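Raw contents of coords_12.tsv, TSV, C-alpha atoms:
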```tsv
chain	number	residue	atom	x	y	z
A	15	MET	CA	1.11	-23.84	12.34
A	16	ARG	CA	-0.38	-20.43	13.02
A	17	ALA	CA	1.38	-17.22	12.05
A	18	SER	CA	0.71	-13.51	12.24
A	19	ALA	CA	1.66	-10.93	9.66
A	20	ILE	CA	0.95	-7.32	8.91
A	21	ALA	CA	0.34	-6.38	5.31
A	22	LEU	CA	0.30	-2.71	4.39
A	23	LEU	CA	-2.27	-2.57	1.62
A	24	LEU	CA	-2.76	0.93	0.30
A	25	ALA	CA	-6.34	0.52	-0.83
A	26	SER	CA	-7.57	-1.31	2.26
A	27	ALA	CA	-9.16	-0.01	5.42
A	28	SER	CA	-7.67	-1.26	8.66
A	29	SER	CA	-9.00	-4.73	9.36
A	30	GLN	CA	-8.02	-8.27	10.22
A	31	VAL	CA	-8.70	-11.35	8.14
A	32	ALA	CA	-7.85	-15.03	8.25
A	33	LEU	CA	-6.07	-16.24	5.14
A	34	SER	CA	-6.37	-19.98	4.59
A	35	THR	CA	-4.87	-22.43	2.15
A	36	GLY	CA	-4.94	-26.20	1.84
A	37	ASP	CA	-2.22	-27.80	4.00
A	38	PRO	CA	-0.77	-31.02	2.50
A	39	GLY	CA	0.73	-31.84	5.90
A	40	THR	CA	-2.67	-32.35	7.52
A	41	CYS	CA	-5.01	-33.01	4.58
A	42	ALA	CA	-5.24	-35.51	1.79
A	43	ASP	CA	-3.33	-34.21	-1.21
A	44	THR	CA	-5.88	-33.62	-3.95
A	45	GLY	CA	-3.41	-31.88	-6.24
A	46	THR	CA	-5.28	-28.60	-5.91
A	47	SER	CA	-5.16	-25.69	-3.50
A	48	ARG	CA	-7.47	-22.81	-2.78
A	49	VAL	CA	-6.80	-19.49	-1.11
A	50	SER	CA	-9.59	-17.77	0.81
A	51	LEU	CA	-9.89	-14.58	2.81
A	52	SER	CA	-12.34	-14.38	5.68
A	53	LEU	CA	-13.11	-12.18	8.65
A	54	GLU	CA	-13.53	-15.38	10.65
A	55	PRO	CA	-11.06	-18.24	11.25
A	56	PRO	CA	-11.63	-21.57	9.44
A	57	ALA	CA	-14.38	-23.73	10.90
A	58	PRO	CA	-13.27	-26.59	13.15
A	59	GLY	CA	-12.21	-29.57	11.08
A	60	THR	CA	-11.55	-27.49	7.98
A	61	CYS	CA	-8.60	-28.72	5.93
A	62	ALA	CA	-6.61	-25.50	6.05
A	63	ALA	CA	-3.48	-23.79	7.26
A	64	GLU	CA	-4.21	-20.35	8.65
A	65	LYS	CA	-2.34	-17.07	8.70
A	66	LYS	CA	-3.73	-14.05	10.50
A	67	VAL	CA	-3.20	-11.01	8.30
A	68	HIS	CA	-3.64	-7.48	9.60
A	69	LEU	CA	-4.49	-5.19	6.69
A	70	VAL	CA	-3.38	-1.60	7.27
A	71	ARG	CA	-3.81	1.37	4.99
A	72	HIS	CA	-0.95	3.86	4.87
A	73	ALA	CA	-1.39	6.98	6.96
A	74	GLN	CA	-2.11	10.39	5.42
A	75	GLY	CA	0.28	11.29	2.61
A	76	THR	CA	1.11	14.68	1.15
A	77	HIS	CA	-0.98	13.77	-1.89
A	78	ASN	CA	-4.04	13.04	0.28
A	79	TYR	CA	-3.73	16.43	1.95
A	80	GLY	CA	-2.90	18.23	-1.29
A	81	GLU	CA	-5.86	16.99	-3.31
A	82	ARG	CA	-8.28	17.61	-0.46
A	83	ARG	CA	-6.98	21.14	0.10
A	84	ALA	CA	-7.15	21.94	-3.62
A	85	GLU	CA	-10.76	20.79	-3.74
A	86	GLU	CA	-11.76	22.67	-0.61
A	87	ARG	CA	-10.24	25.86	-2.01
A	88	LYS	CA	-11.78	25.13	-5.44
A	89	GLU	CA	-8.44	25.88	-7.09
A	90	TYR	CA	-9.65	24.32	-10.34
A	91	ARG	CA	-11.91	27.33	-10.93
A	92	ASP	CA	-8.88	29.49	-11.71
A	93	ASN	CA	-7.97	27.47	-14.80
A	94	SER	CA	-10.41	26.25	-17.44
A	95	ARG	CA	-8.27	23.21	-18.25
A	96	HIS	CA	-8.08	22.29	-14.57
A	97	ALA	CA	-11.85	22.69	-14.31
A	98	GLU	CA	-12.20	20.23	-17.20
A	99	LEU	CA	-9.86	17.77	-15.50
A	100	TYR	CA	-11.75	18.15	-12.23
A	101	GLU	CA	-14.99	17.21	-13.96
A	102	LYS	CA	-13.34	14.01	-15.21
A	103	HIS	CA	-11.14	13.01	-12.26
A	104	GLY	CA	-12.70	14.67	-9.23
A	105	ARG	CA	-10.28	15.82	-6.55
A	106	ALA	CA	-7.63	13.45	-7.98
A	107	TYR	CA	-7.15	15.90	-10.87
A	108	HIS	CA	-4.67	17.65	-8.56
A	109	LEU	CA	-2.37	14.61	-8.76
A	110	LEU	CA	-1.98	14.68	-12.54
A	111	TRP	CA	1.41	15.63	-14.00
A	112	GLU	CA	-0.29	18.29	-16.08
A	113	VAL	CA	-1.44	20.03	-12.91
A	114	THR	CA	1.30	19.59	-10.28
A	115	GLY	CA	4.25	18.02	-12.11
A	116	ASP	CA	6.30	15.58	-10.04
A	117	LYS	CA	5.34	17.10	-6.68
A	118	TYR	CA	3.54	13.99	-5.47
A	119	VAL	CA	5.69	11.23	-6.99
A	120	ASP	CA	6.03	8.54	-4.31
A	121	ALA	CA	4.42	10.86	-1.77
A	122	GLN	CA	5.57	10.79	1.85
A	123	LEU	CA	3.61	11.08	5.08
A	124	THR	CA	2.42	14.42	6.39
A	125	THR	CA	2.89	15.40	10.03
A	126	ALA	CA	-0.71	14.30	10.61
A	127	GLY	CA	0.08	11.00	8.90
A	128	ARG	CA	2.99	10.36	11.23
A	129	LEU	CA	0.70	10.96	14.18
A	130	GLN	CA	-1.81	8.49	12.74
A	131	ALA	CA	0.93	5.87	12.40
A	132	SER	CA	2.00	6.52	15.98
A	133	LYS	CA	-1.58	5.93	17.10
A	134	LEU	CA	-1.53	2.63	15.24
A	135	GLU	CA	1.67	1.66	17.06
A	136	PHE	CA	-0.08	2.29	20.37
A	137	GLU	CA	-3.12	0.26	19.29
A	138	LEU	CA	-1.01	-2.70	18.16
A	139	ARG	CA	0.98	-2.63	21.37
A	140	SER	CA	-2.16	-2.31	23.52
A	141	ALA	CA	-3.70	-5.29	21.74
A	142	ASP	CA	-0.48	-7.25	22.26
A	143	VAL	CA	-0.26	-8.05	18.56
A	144	SER	CA	2.68	-10.33	17.77
A	145	LEU	CA	4.07	-10.08	14.24
A	146	ASP	CA	6.05	-12.72	12.40
A	147	ALA	CA	6.59	-10.53	9.35
A	148	VAL	CA	5.77	-7.17	7.84
A	149	TYR	CA	4.78	-7.14	4.18
A	150	SER	CA	4.51	-3.75	2.52
A	151	SER	CA	3.94	-1.90	-0.68
A	152	PRO	CA	7.29	-0.43	-1.83
A	153	THR	CA	6.05	3.15	-1.61
A	154	ARG	CA	7.50	5.60	0.87
A	155	ARG	CA	4.21	6.36	2.58
A	156	ALA	CA	3.52	2.67	3.25
A	157	LEU	CA	7.05	1.98	4.45
A	158	GLN	CA	7.08	5.08	6.64
A	159	THR	CA	3.80	3.94	8.17
A	160	ALA	CA	5.32	0.51	8.85
A	161	PHE	CA	8.45	1.86	10.51
A	162	ILE	CA	6.47	4.13	12.82
A	163	ALA	CA	3.77	1.57	13.62
A	164	VAL	CA	6.29	-1.24	14.19
A	165	PRO	CA	9.25	0.37	16.01
A	166	ALA	CA	11.15	-2.92	16.07
A	167	LEU	CA	11.89	-2.39	12.38
A	168	LYS	CA	13.97	0.67	13.22
A	169	ARG	CA	16.18	-1.35	15.54
A	170	GLY	CA	16.30	-4.46	13.41
A	171	SER	CA	17.77	-5.62	10.13
A	172	ARG	CA	16.98	-8.24	7.52
A	173	THR	CA	18.30	-10.93	9.82
A	174	ARG	CA	16.18	-9.94	12.81
A	175	SER	CA	12.50	-10.48	13.53
A	176	PRO	CA	10.09	-9.38	12.24
A	177	PRO	CA	11.46	-9.35	8.69
A	178	ALA	CA	10.14	-6.60	6.41
A	179	ILE	CA	9.49	-7.54	2.80
A	180	ALA	CA	8.32	-5.20	0.04
A	181	THR	CA	6.45	-6.25	-3.09
A	182	ASP	CA	4.65	-4.43	-5.88
A	183	LEU	CA	1.80	-6.93	-5.45
A	184	LEU	CA	0.62	-4.91	-2.42
A	185	ARG	CA	0.35	-1.54	-4.12
A	186	GLU	CA	-2.91	0.30	-4.51
A	187	ARG	CA	-4.42	0.60	-7.97
A	188	VAL	CA	-1.83	2.15	-10.26
A	189	ALA	CA	-3.32	4.68	-12.65
A	190	ASN	CA	-2.14	7.91	-14.27
A	191	TYR	CA	-1.70	9.94	-11.08
A	192	THR	CA	1.86	10.82	-10.08
A	193	SER	CA	1.25	9.64	-6.52
A	194	ASP	CA	0.82	6.13	-7.97
A	195	ALA	CA	4.49	6.10	-9.03
A	196	ARG	CA	7.36	5.01	-6.78
A	197	LEU	CA	11.10	5.57	-6.63
A	198	ARG	CA	13.59	3.07	-8.06
A	199	ALA	CA	14.16	0.03	-5.87
A	200	SER	CA	17.78	1.01	-5.24
A	201	GLN	CA	16.69	4.44	-4.00
A	202	LEU	CA	14.14	2.88	-1.66
A	203	ALA	CA	16.71	0.35	-0.38
A	204	ALA	CA	19.01	3.23	0.54
A	205	LEU	CA	16.20	4.88	2.51
A	206	PHE	CA	14.97	1.66	4.18
A	207	PRO	CA	17.99	-0.66	4.54
A	208	ALA	CA	16.15	-3.05	6.87
A	209	VAL	CA	13.62	-3.90	4.15
A	210	ASP	CA	14.07	-6.74	1.66
A	211	PHE	CA	13.43	-5.35	-1.84
A	212	GLY	CA	14.36	-8.57	-3.62
A	213	LEU	CA	10.86	-8.91	-5.06
A	214	VAL	CA	10.74	-5.32	-6.34
A	215	SER	CA	11.86	-4.44	-9.86
A	216	GLU	CA	14.42	-1.64	-10.13
A	217	GLU	CA	12.20	0.44	-12.39
A	218	ASP	CA	8.55	1.08	-11.68
A	219	GLU	CA	7.21	-1.25	-14.35
A	220	LEU	CA	3.62	-1.03	-13.11
A	221	TYR	CA	3.48	2.72	-13.52
A	222	GLN	CA	5.61	2.94	-16.64
A	223	SER	CA	4.05	0.26	-18.78
A	224	ASN	CA	1.27	-1.66	-17.04
A	225	LYS	CA	-1.12	0.86	-15.46
A	226	GLU	CA	-4.41	-0.46	-14.14
A	227	ASP	CA	-6.64	2.08	-15.80
A	228	GLY	CA	-8.64	2.01	-19.01
A	229	PRO	CA	-11.19	-0.65	-20.03
A	230	ASP	CA	-9.11	-3.56	-18.68
A	231	GLY	CA	-7.89	-1.77	-15.56
A	232	ALA	CA	-10.25	-3.49	-13.13
A	233	ALA	CA	-9.35	-6.93	-14.51
A	234	LYS	CA	-5.63	-6.19	-14.15
A	235	LEU	CA	-6.10	-5.06	-10.56
A	236	ARG	CA	-8.22	-8.11	-9.73
A	237	ALA	CA	-5.55	-10.44	-11.15
A	238	ARG	CA	-2.82	-8.73	-9.12
A	239	ALA	CA	-4.91	-8.90	-5.94
A	240	LEU	CA	-5.32	-12.65	-6.44
A	241	ARG	CA	-1.57	-13.06	-6.95
A	242	ALA	CA	-1.02	-11.10	-3.73
A	243	ALA	CA	-3.38	-13.37	-1.77
A	244	GLU	CA	-1.68	-16.49	-3.16
A	245	TRP	CA	1.76	-15.07	-2.31
A	246	LEU	CA	0.71	-14.27	1.25
A	247	ALA	CA	-0.63	-17.78	1.67
A	248	ARG	CA	2.73	-19.42	0.96
```

Translate the structure of the given file into structure tokens.
Amino acid sequence: MRASAIALLLASASSQVALSTGDPGTCADTGTSRVSLSLEPPAPGTCAAEKKVHLVRHAQGTHNYGERRAEERKEYRDNSRHAELYEKHGRAYHLLWEVTGDKYVDAQLTTAGRLQASKLEFELRSADVSLDAVYSSPTRRALQTAFIAVPALKRGSRTRSPPAIATDLLRERVANYTSDARLRASQLAALFPAVDFGLVSEEDELYQSNKEDGPDGAAKLRARALRAAEWLAR
């Protein structure tokens, strides 16, 4: 069985991959399974079930615009502490609580970002892309991108196609920047009632107690990415 899905992955450029996993219905059951991601479909005769996954990065958020503008204007030069943070974090220094407080917590799309998402809607429609499901990071900018790019979500509900499912597995790397944090699941559910938040914890556990920074940050992110691929393959 072939299926299409759109996954809104914050750290990914727009692309399309084939996600394959062993299919016990058509292959000998070896007791093991393997998930693979490829830009090409499985070779003929391959023992695999395939899902076509469209990877889409969220459109421009207020944090993207804010950090770029701060760097262009060299705002860090007006404060020695900010200059120190800029040396360490680059333009992302602007997203630290110490610099801008909670201004960019769960950042939303800018006007330009909404236009980018509208362009994506046109491109998907022009390519006649058919979606069986929409999987998204539970951040406002990703969900806003989804609802603009896939207008059917606005008219639908959990019981209508395509279903929209949020999971923390699809978030970008979560570090110490306020834009990495999200709202509580109940707050997001009130804003996006057509989305299933059953897989999202009420509190932002990733940001509060399991950030993917420090010496083991890359390993944590890699492990979560693998869990995401395995989840998508189900």

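Distance-wise, atom CA of Asp227 of chain A and atom CA of Gly104 of chain A end up 15.4 Å apart.
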
Length of the atom CA of Phe136 of chain A to atom CA of Thr181 of chain A vector [Å] =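 The value is 25.8 Å.
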
Using only C-alpha atoms: which of A:Leu235, A:Val119, A:Thr125, A:Leu167 has the shortest distance to Pro207 of chain A = A:Leu167

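Proximity of A:Tyr90, A:Tyr221, A:Val164, A:Arg241 to Glu137 of chain A, computed with all atoms listed in the file, is greatest for A:Val164.
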
One decimal, Å: what's the distance from atom CA of Ala178 of chain A over to atom CA of Lys117 of chain A, could you say?
-> 27.5 Å

Test item: which residues lie within 12 Å of (-8.7, 13.0, -7.9) counting all atoms listed in the file, as a ChimeraX atom specification = /A:77-85,90,96,99-110,113,189-194

Would you fill the gaps in segment 86-101 of chain A so it has N, CA, C and O atoms, then print it as a PDB file, in the frame of the given file?
```
ATOM      1  N   GLU A  86     -11.092  21.779  -1.560  1.00  0.00           N
ATOM      2  CA  GLU A  86     -11.760  22.670  -0.610  1.00  0.00           C
ATOM      3  C   GLU A  86     -11.627  24.125  -1.022  1.00  0.00           C
ATOM      4  O   GLU A  86     -12.566  24.919  -0.850  1.00  0.00           O
ATOM      5  N   ARG A  87     -10.477  24.484  -1.580  1.00  0.00           N
ATOM      6  CA  ARG A  87     -10.240  25.860  -2.010  1.00  0.00           C
ATOM      7  C   ARG A  87     -10.734  26.118  -3.436  1.00  0.00           C
ATOM      8  O   ARG A  87     -10.629  27.228  -3.945  1.00  0.00           O
ATOM      9  N   LYS A  88     -11.258  25.043  -4.069  1.00  0.00           N
ATOM     10  CA  LYS A  88     -11.780  25.130  -5.440  1.00  0.00           C
ATOM     11  C   LYS A  88     -10.746  25.774  -6.393  1.00  0.00           C
ATOM     12  O   LYS A  88     -11.075  26.627  -7.206  1.00  0.00           O
ATOM     13  N   GLU A  89      -9.516  25.315  -6.283  1.00  0.00           N
ATOM     14  CA  GLU A  89      -8.440  25.880  -7.090  1.00  0.00           C
ATOM     15  C   GLU A  89      -8.652  25.660  -8.580  1.00  0.00           C
ATOM     16  O   GLU A  89      -8.145  26.429  -9.398  1.00  0.00           O
ATOM     17  N   TYR A  90      -9.404  24.619  -8.936  1.00  0.00           N
ATOM     18  CA  TYR A  90      -9.650  24.320 -10.340  1.00  0.00           C
ATOM     19  C   TYR A  90     -10.429  25.421 -11.050  1.00  0.00           C
ATOM     20  O   TYR A  90     -10.402  25.534 -12.277  1.00  0.00           O
ATOM     21  N   ARG A  91     -11.115  26.264 -10.298  1.00  0.00           N
ATOM     22  CA  ARG A  91     -11.910  27.330 -10.930  1.00  0.00           C
ATOM     23  C   ARG A  91     -11.043  28.405 -11.566  1.00  0.00           C
ATOM     24  O   ARG A  91     -11.511  29.172 -12.399  1.00  0.00           O
ATOM     25  N   ASP A  92      -9.775  28.459 -11.181  1.00  0.00           N
ATOM     26  CA  ASP A  92      -8.880  29.490 -11.710  1.00  0.00           C
ATOM     27  C   ASP A  92      -8.279  29.133 -13.055  1.00  0.00           C
ATOM     28  O   ASP A  92      -7.556  29.937 -13.650  1.00  0.00           O
ATOM     29  N   ASN A  93      -8.565  27.932 -13.546  1.00  0.00           N
ATOM     30  CA  ASN A  93      -7.970  27.470 -14.800  1.00  0.00           C
ATOM     31  C   ASN A  93      -8.983  26.590 -15.520  1.00  0.00           C
ATOM     32  O   ASN A  93      -9.430  25.576 -14.978  1.00  0.00           O
ATOM     33  N   SER A  94      -9.366  26.988 -16.732  1.00  0.00           N
ATOM     34  CA  SER A  94     -10.410  26.250 -17.440  1.00  0.00           C
ATOM     35  C   SER A  94     -10.010  24.805 -17.714  1.00  0.00           C
ATOM     36  O   SER A  94     -10.854  23.894 -17.658  1.00  0.00           O
ATOM     37  N   ARG A  95      -8.728  24.581 -18.007  1.00  0.00           N
ATOM     38  CA  ARG A  95      -8.270  23.210 -18.250  1.00  0.00           C
ATOM     39  C   ARG A  95      -8.352  22.391 -16.960  1.00  0.00           C
ATOM     40  O   ARG A  95      -8.768  21.234 -16.982  1.00  0.00           O
ATOM     41  N   HIS A  96      -7.991  22.995 -15.851  1.00  0.00           N
ATOM     42  CA  HIS A  96      -8.080  22.290 -14.570  1.00  0.00           C
ATOM     43  C   HIS A  96      -9.533  21.998 -14.218  1.00  0.00           C
ATOM     44  O   HIS A  96      -9.846  20.942 -13.652  1.00  0.00           O
ATOM     45  N   ALA A  97     -10.421  22.908 -14.566  1.00  0.00           N
ATOM     46  CA  ALA A  97     -11.850  22.690 -14.310  1.00  0.00           C
ATOM     47  C   ALA A  97     -12.341  21.493 -15.122  1.00  0.00           C
ATOM     48  O   ALA A  97     -13.137  20.676 -14.634  1.00  0.00           O
ATOM     49  N   GLU A  98     -11.846  21.364 -16.349  1.00  0.00           N
ATOM     50  CA  GLU A  98     -12.200  20.230 -17.200  1.00  0.00           C
ATOM     51  C   GLU A  98     -11.685  18.922 -16.598  1.00  0.00           C
ATOM     52  O   GLU A  98     -12.402  17.909 -16.571  1.00  0.00           O
ATOM     53  N   LEU A  99     -10.450  18.959 -16.112  1.00  0.00           N
ATOM     54  CA  LEU A  99      -9.860  17.770 -15.500  1.00  0.00           C
ATOM     55  C   LEU A  99     -10.587  17.398 -14.212  1.00  0.00           C
ATOM     56  O   LEU A  99     -10.757  16.223 -13.898  1.00  0.00           O
ATOM     57  N   TYR A 100     -11.017  18.410 -13.469  1.00  0.00           N
ATOM     58  CA  TYR A 100     -11.750  18.150 -12.230  1.00  0.00           C
ATOM     59  C   TYR A 100     -13.067  17.448 -12.518  1.00  0.00           C
ATOM     60  O   TYR A 100     -13.480  16.547 -11.781  1.00  0.00           O
ATOM     61  N   GLU A 101     -13.737  17.840 -13.582  1.00  0.00           N
ATOM     62  CA  GLU A 101     -14.990  17.210 -13.960  1.00  0.00           C
ATOM     63  C   GLU A 101     -14.786  15.725 -14.261  1.00  0.00           C
ATOM     64  O   GLU A 101     -15.640  14.892 -13.970  1.00  0.00           O
TER      65      GLU A 101
END
```
